[in-house]
Structure formats: structure tokens, C-alpha cells
Amino acid sequence: MKKICFYFLFLLLAFLHANAKHDSKKDSIIITKVWDKAPHNAFPDLFRHKKYFYATFRESTSHVGNENDGKVRVVRSKDLKKWETITQLHLPGIDIREARLSAMPDGRMLVTVAAGVWKDNQYLSLEPYISYSDKPGNTFTALEKAEIDPVIKRELDWIWRVTWNNGVGYGVMYQTYPGHRGGEWKAHLLKTTDGKKYEQVLELPVDGNPNECTIRFDKAGKMYILIRRESKDKMGVMATADYPYKDFSFQPLKWRLGGPNFIFLNDHELIIGSRFHEEKTCTALFLTDLKGNAKKIIRLPSNGDSSYPGLVIYKKKLWALYYSSHEGKTSIYMAEVPLSEFEHT
């Protein structure tokens, strides 16, 4: 009888131990709400500069509307817990959207935004604007227009993100048309040395209405561009090229993108953050190879109007700042994800 009792006690302890490990794994991702003070809080970015983490996000009445009241708030934190406001970027009567942060060679930060006027379901105007921080990151300049290479005919224009490599900043400016009509959208690879004046490298040969693009570089200087597409099959694309970045290879992805961002986990793998279109739309993190083939998908608490994650790896964790409306009000959230979660099994 004692042997039987001991056997069942052993099974019970083994079961509890296994479930404790499972719960620990499940609970290892920590989600906190960072900001919800405006009626609509969205489109964040996250960036580490010197000893601070900087976050940007748009505050407005709605996702987009005739109010044209979108403003970008810039906040910072030393511990990713307590945030202080540094500035608000705004222009009277113009909607300011989707600020993206990057580090310039001279030690300042560059902020790129889109500034537009929306009326009755279409943009009347849309242009790229920029702002600079001082070197310590304590102040930011007022918004000013970016200067675009005159060889590009201006339409509704948006430089979605700038990434620097060897003293040169690269970004993709995508172009749509008033009312989103008038032909295929275009995507131009641009470069800059001062953050304000942009020269065309080439027009990317991508169909399907290319738009939001994030550029990263590997250690050898190879360029990777993650491209969202809005027509035809709508699947995302990963484009790659070596310097001088004029001869690209294109790898179709097996899912749609929304607010795409990515970083290198190591020399062979990427972490991609994006809206994930399933039966229930959510924000997700993808562990992929260098071609964007998914090995693992982590779905973050989110649904509906969500995504656009800012990504930083710090102290063996991925910090992903994203927005979502899964709790009702569209708000900014931080996901604290141990890098062990990205171990491929």
C-alpha cells in the first residue's frame, strides 16, 4: 500500500512540476500599458539613445479623420517603467503621423513623420517632415519639410522610416494618389547625409501598391527592406541588396504586413513585428530566417486596430512597444519578451 501511495504521490509531484514549468513559460512575457491619455493613442516607435529609451506615438481623436488633430508625443525613460514627456510635435490643422526615430552620425536623433490633411476619406496633401534632437536628447526642433530629390514627381509622399549605415541614412518614400486612385503606388529608395535632403537611389520594382517599409543592415552592410503591399495578393516582401543598393532580390512572404518592423536576433535570424491577419487580427512577433520564412510566431494581447511595434533588444529581452484596442480604448502597450521565447523548437 505504501508503494502505491508513493507512486501516486510521485505522479502528482511530476504533474505539478510540469505545469509549474508551463505556467512559468506562459507568464514570462509581461505586458504593461504605457499610455492611454488621448482618445486614440497609436503608431509608436521605441529607440535607445545614450542612457535613455525614447518612445514616440500619435495622439488624436481617431485613427484618421477630418479633425486633422494628430500630434506626436515624444517621451523617454531610463528604466522602461517611468516615462517623462520631452516634447509634442504638431502643426496647426495638419495631421502628424507615425514618428520614427534614428541615430544620426553626429550624435543627434532624427525624427521622421508624415504631415497631411485628410478630408472625406482621402488625403488632400501628404508630405514628409523631420525634427532633430540635440545631442543629449533633451530637446527637439520644430517640424520642417524634408527636401526630396526633384527628379521624383511629387504626389502624396511618405518617408516611413530612416536607417543609417556608414554615415548615410536610407529610407523608402512611398507615393499614393489623391483618393488612392490614379495607378500603382510607387516606392523610392532614398538616401541622405543630413536627415533633411534626400536623393533618389532608385525606384524599387515592386508591384502590389508598396507602402510601409523598414530598412536594416547586416554586419557586412547588406541592405534588407521589409515591404508592405496593399493590392494583388497583399503578401509582404523582403528585398535585399549589397552596396550600392541598386540590384535587389525579392523574396515573397507568406503573410500580409501592417506596421512592419524588424531587427536582427543574430547572424542568421530576424525578429519581425507586424500586424498579423488571421481570423482575429492581432499584433505578432515572428522569428524568421533571413528570407522572412517564419519559424515561430508569438501573438501579443491585441486585436482590431493594432500593431506598429517599436523593437529594442536590451538585457536579454526584446522590448516591443505597440498599440492595440483589445481593451476597448486604443492605447500604447509594452511587451517584455525574454529572448528565450525565440528559441526555435
# chains A, B, ... in the order shown; residues from 1 in each chain; ligands from 1
>>> residues_around(residues="region 78-83 of chain A", least_positions_apart="6", cutoff="12 Å", atoms="only C-alpha atoms", output="list in words")
Ile31, Thr32, Lys33, Val34, Trp35, Leu46, Phe47, Arg48, His49, Lys50, Lys51, Tyr52, Phe53, Tyr54, Ala55, Thr56, Val312, Tyr314, Lys315, Leu318, Trp319, Ala320, Leu321, Tyr333, Met334, Ala335 and Glu336 of chain A
>>> select_by_dssp(residues="region 196-298 of chain A", states="strand (DSSP E or B)", output="ChimeraX atom specification")
/A:197-203,210-217,223-229,235-241,249-256,261-264,269-276,282-289,294-298
>>> select_by_dssp(residues="region 124-344 of chain A", states="helix (DSSP H, G or I)", output="JSON, numbers by chain")
{"A": [178, 179, 180, 339, 340, 341, 342]}
>>> residues_around(residues="region 247-258 of chain A", least_positions_apart="4", cutoff="10 Å", atoms="only C-alpha atoms", output="PyMOL selection string")
chain A and resi 202+204-206+211-213+223-230+233-243+272-278+283+290-294+306-309
>>> atom_distance(atom1="CA of Phe43 (chain A)", atom2="CA of Lys316 (chain A)")
25.0 Å
>>> residues_around(residues="Glu341 (chain A)", least_positions_apart="5", cutoff="12 Å", atoms="only C-alpha atoms", output="compact mmCIF listing (two decimals) with N, CA and C atoms, in the first residue's frame")
# COMPACT_ATOMS: atom_id res chain seq x y z
N SER A 24 5.24 29.04 -15.91
CA SER A 24 6.36 29.97 -15.90
C SER A 24 6.68 30.43 -17.32
N LYS A 25 6.65 29.49 -18.26
CA LYS A 25 6.91 29.83 -19.66
C LYS A 25 5.84 30.79 -20.17
N LYS A 26 4.58 30.46 -19.85
CA LYS A 26 3.46 31.27 -20.32
C LYS A 26 3.52 32.67 -19.73
N ASP A 27 3.91 32.78 -18.48
CA ASP A 27 3.89 34.07 -17.79
C ASP A 27 5.18 34.86 -18.00
N SER A 28 6.11 34.35 -18.77
CA SER A 28 7.39 35.03 -18.91
C SER A 28 7.30 36.28 -19.77
N ILE A 29 6.26 36.39 -20.60
CA ILE A 29 6.03 37.60 -21.38
C ILE A 29 5.17 38.53 -20.55
N ILE A 30 5.69 39.73 -20.29
CA ILE A 30 4.99 40.71 -19.44
C ILE A 30 4.45 41.83 -20.32
N LEU A 265 18.18 39.19 -34.73
CA LEU A 265 18.38 38.48 -33.47
C LEU A 265 19.82 37.97 -33.39
N ILE A 271 13.85 39.02 -35.98
CA ILE A 271 12.57 39.15 -35.28
C ILE A 271 11.78 40.21 -36.02
N LEU A 285 4.85 38.80 -33.19
CA LEU A 285 6.30 38.78 -33.36
C LEU A 285 6.67 37.48 -34.04
N PHE A 286 7.46 37.57 -35.11
CA PHE A 286 7.83 36.40 -35.90
C PHE A 286 9.33 36.15 -35.77
N LEU A 287 9.70 34.96 -35.42
CA LEU A 287 11.09 34.53 -35.55
C LEU A 287 11.24 33.96 -36.95
N LYS A 295 9.68 30.77 -38.40
CA LYS A 295 9.97 29.58 -37.61
C LYS A 295 9.07 29.51 -36.38
N LYS A 296 8.68 30.67 -35.88
CA LYS A 296 7.85 30.73 -34.68
C LYS A 296 7.08 32.04 -34.69
N ILE A 297 5.84 32.01 -34.18
CA ILE A 297 5.00 33.21 -34.11
C ILE A 297 4.53 33.39 -32.68
N ILE A 298 4.75 34.58 -32.13
CA ILE A 298 4.26 34.94 -30.80
C ILE A 298 3.19 36.00 -30.97
N ARG A 299 1.97 35.67 -30.60
CA ARG A 299 0.85 36.60 -30.70
C ARG A 299 0.73 37.38 -29.41
N LYS A 316 18.99 40.86 -22.64
CA LYS A 316 18.48 39.53 -22.96
C LYS A 316 16.96 39.50 -23.07
N LYS A 317 16.37 40.66 -23.39
CA LYS A 317 14.93 40.72 -23.61
C LYS A 317 14.65 41.56 -24.85
N LEU A 318 13.55 41.21 -25.51
CA LEU A 318 13.02 42.07 -26.56
C LEU A 318 11.94 42.93 -25.93
N GLU A 336 7.36 42.82 -22.81
CA GLU A 336 8.70 42.48 -22.32
C GLU A 336 8.89 40.98 -22.55
>>> atom_distance(atom1="CA of Asp95 (chain A)", atom2="CA of Ala114 (chain A)")
8.0 Å
>>> closest_residue(among="A:Asn138, A:Tyr132, A:Val117, A:Gly221", to="Val168 (chain A)", atoms="only C-alpha atoms")
A:Gly221
>>> residues_around(residues="Val172 (chain A)", least_positions_apart="5", cutoff="6 Å", atoms="only C-alpha atoms", output="VMD selection string")
chain A and resid 159 188 to 190
>>> atom_distance(atom1="CA of Pro136 (chain A)", atom2="CA of Arg108 (chain A)")
7.6 Å
>>> residues_around(residues="Lys71 (chain A)", least_positions_apart="6", cutoff="7 Å", atoms="only C-alpha atoms", output="PyMOL selection string")
chain A and resi 58-60+88-90+95-96
>>> closest_residue(among="A:Glu127, A:Lys153, A:Thr141, A:Thr112", to="Lys196 (chain A)", atoms="only C-alpha atoms")
A:Thr112
>>> residues_around(residues="Ile148 (chain A)", least_positions_apart="2", cutoff="10 Å", atoms="only C-alpha atoms", output="mmCIF file with C-alpha atoms, in the first residue's frame")
data_model
loop_
_atom_site.group_PDB
_atom_site.id
_atom_site.type_symbol
_atom_site.label_atom_id
_atom_site.label_comp_id
_atom_site.auth_asym_id
_atom_site.auth_seq_id
_atom_site.Cartn_x
_atom_site.Cartn_y
_atom_site.Cartn_z
ATOM 1 C CA GLU A 127 4.414 65.266 -47.106
ATOM 2 C CA PRO A 128 7.439 64.039 -45.132
ATOM 3 C CA LYS A 145 9.710 69.785 -44.509
ATOM 4 C CA ALA A 146 12.126 67.242 -45.875
ATOM 5 C CA PRO A 150 13.424 66.958 -57.779
ATOM 6 C CA VAL A 151 13.693 64.028 -60.221
ATOM 7 C CA ILE A 152 10.743 62.493 -58.323
ATOM 8 C CA LYS A 153 7.343 63.867 -59.303
ATOM 9 C CA ARG A 154 5.542 64.722 -56.088
ATOM 10 C CA ASP A 157 4.540 61.223 -50.236
ATOM 11 C CA ILE A 159 9.172 58.511 -45.894
ATOM 12 C CA MET A 173 9.399 57.059 -49.689
ATOM 13 C CA LEU A 190 16.258 57.488 -50.906
ATOM 14 C CA LYS A 191 19.487 58.417 -49.141
ATOM 15 C CA THR A 192 20.548 61.372 -47.017
ATOM 16 C CA LYS A 196 16.687 66.753 -44.432
ATOM 17 C CA LYS A 197 17.807 66.485 -48.076
ATOM 18 C CA TYR A 198 17.030 63.188 -49.807
ATOM 19 C CA GLU A 199 18.480 61.878 -53.066
ATOM 20 C CA GLN A 200 16.891 59.058 -55.043
#
>>> decode(residues="region 43-57 of chain A", atoms="N, CA and C atoms", output="mmCIF file, in the first residue's frame")
data_model
loop_
_atom_site.group_PDB
_atom_site.id
_atom_site.type_symbol
_atom_site.label_atom_id
_atom_site.label_comp_id
_atom_site.auth_asym_id
_atom_site.auth_seq_id
_atom_site.Cartn_x
_atom_site.Cartn_y
_atom_site.Cartn_z
ATOM 1 N N PHE A 43 0.477 54.056 -33.259
ATOM 2 C CA PHE A 43 1.624 54.158 -34.162
ATOM 3 C C PHE A 43 2.931 54.496 -33.433
ATOM 4 N N PRO A 44 3.333 53.671 -32.469
ATOM 5 C CA PRO A 44 4.515 54.008 -31.665
ATOM 6 C C PRO A 44 5.828 53.593 -32.327
ATOM 7 N N ASP A 45 6.909 54.109 -31.771
ATOM 8 C CA ASP A 45 8.259 53.627 -32.062
ATOM 9 C C ASP A 45 9.034 53.644 -30.762
ATOM 10 N N LEU A 46 10.081 52.813 -30.692
ATOM 11 C CA LEU A 46 10.914 52.699 -29.496
ATOM 12 C C LEU A 46 12.360 52.710 -29.935
ATOM 13 N N PHE A 47 13.189 53.479 -29.201
ATOM 14 C CA PHE A 47 14.580 53.661 -29.625
ATOM 15 C C PHE A 47 15.441 53.923 -28.402
ATOM 16 N N ARG A 48 16.623 53.339 -28.364
ATOM 17 C CA ARG A 48 17.558 53.574 -27.258
ATOM 18 C C ARG A 48 18.637 54.540 -27.719
ATOM 19 N N HIS A 49 18.799 55.637 -26.965
ATOM 20 C CA HIS A 49 19.778 56.682 -27.295
ATOM 21 C C HIS A 49 20.487 57.073 -26.011
ATOM 22 N N LYS A 50 21.820 56.872 -25.998
ATOM 23 C CA LYS A 50 22.622 57.137 -24.810
ATOM 24 C C LYS A 50 22.067 56.326 -23.643
ATOM 25 N N LYS A 51 21.654 56.934 -22.545
ATOM 26 C CA LYS A 51 21.189 56.174 -21.393
ATOM 27 C C LYS A 51 19.670 56.103 -21.294
ATOM 28 N N TYR A 52 18.977 56.575 -22.307
ATOM 29 C CA TYR A 52 17.517 56.638 -22.254
ATOM 30 C C TYR A 52 16.880 55.768 -23.336
ATOM 31 N N PHE A 53 15.657 55.352 -23.059
ATOM 32 C CA PHE A 53 14.770 54.785 -24.069
ATOM 33 C C PHE A 53 13.783 55.873 -24.472
ATOM 34 N N TYR A 54 13.650 56.093 -25.761
ATOM 35 C CA TYR A 54 12.724 57.098 -26.288
ATOM 36 C C TYR A 54 11.561 56.393 -26.961
ATOM 37 N N ALA A 55 10.369 56.888 -26.705
ATOM 38 C CA ALA A 55 9.175 56.364 -27.358
ATOM 39 C C ALA A 55 8.428 57.522 -28.014
ATOM 40 N N THR A 56 7.903 57.252 -29.192
ATOM 41 C CA THR A 56 7.039 58.219 -29.873
ATOM 42 C C THR A 56 5.708 57.546 -30.158
ATOM 43 N N PHE A 57 4.640 58.335 -30.178
ATOM 44 C CA PHE A 57 3.337 57.819 -30.579
ATOM 45 C C PHE A 57 2.430 59.001 -30.914
#
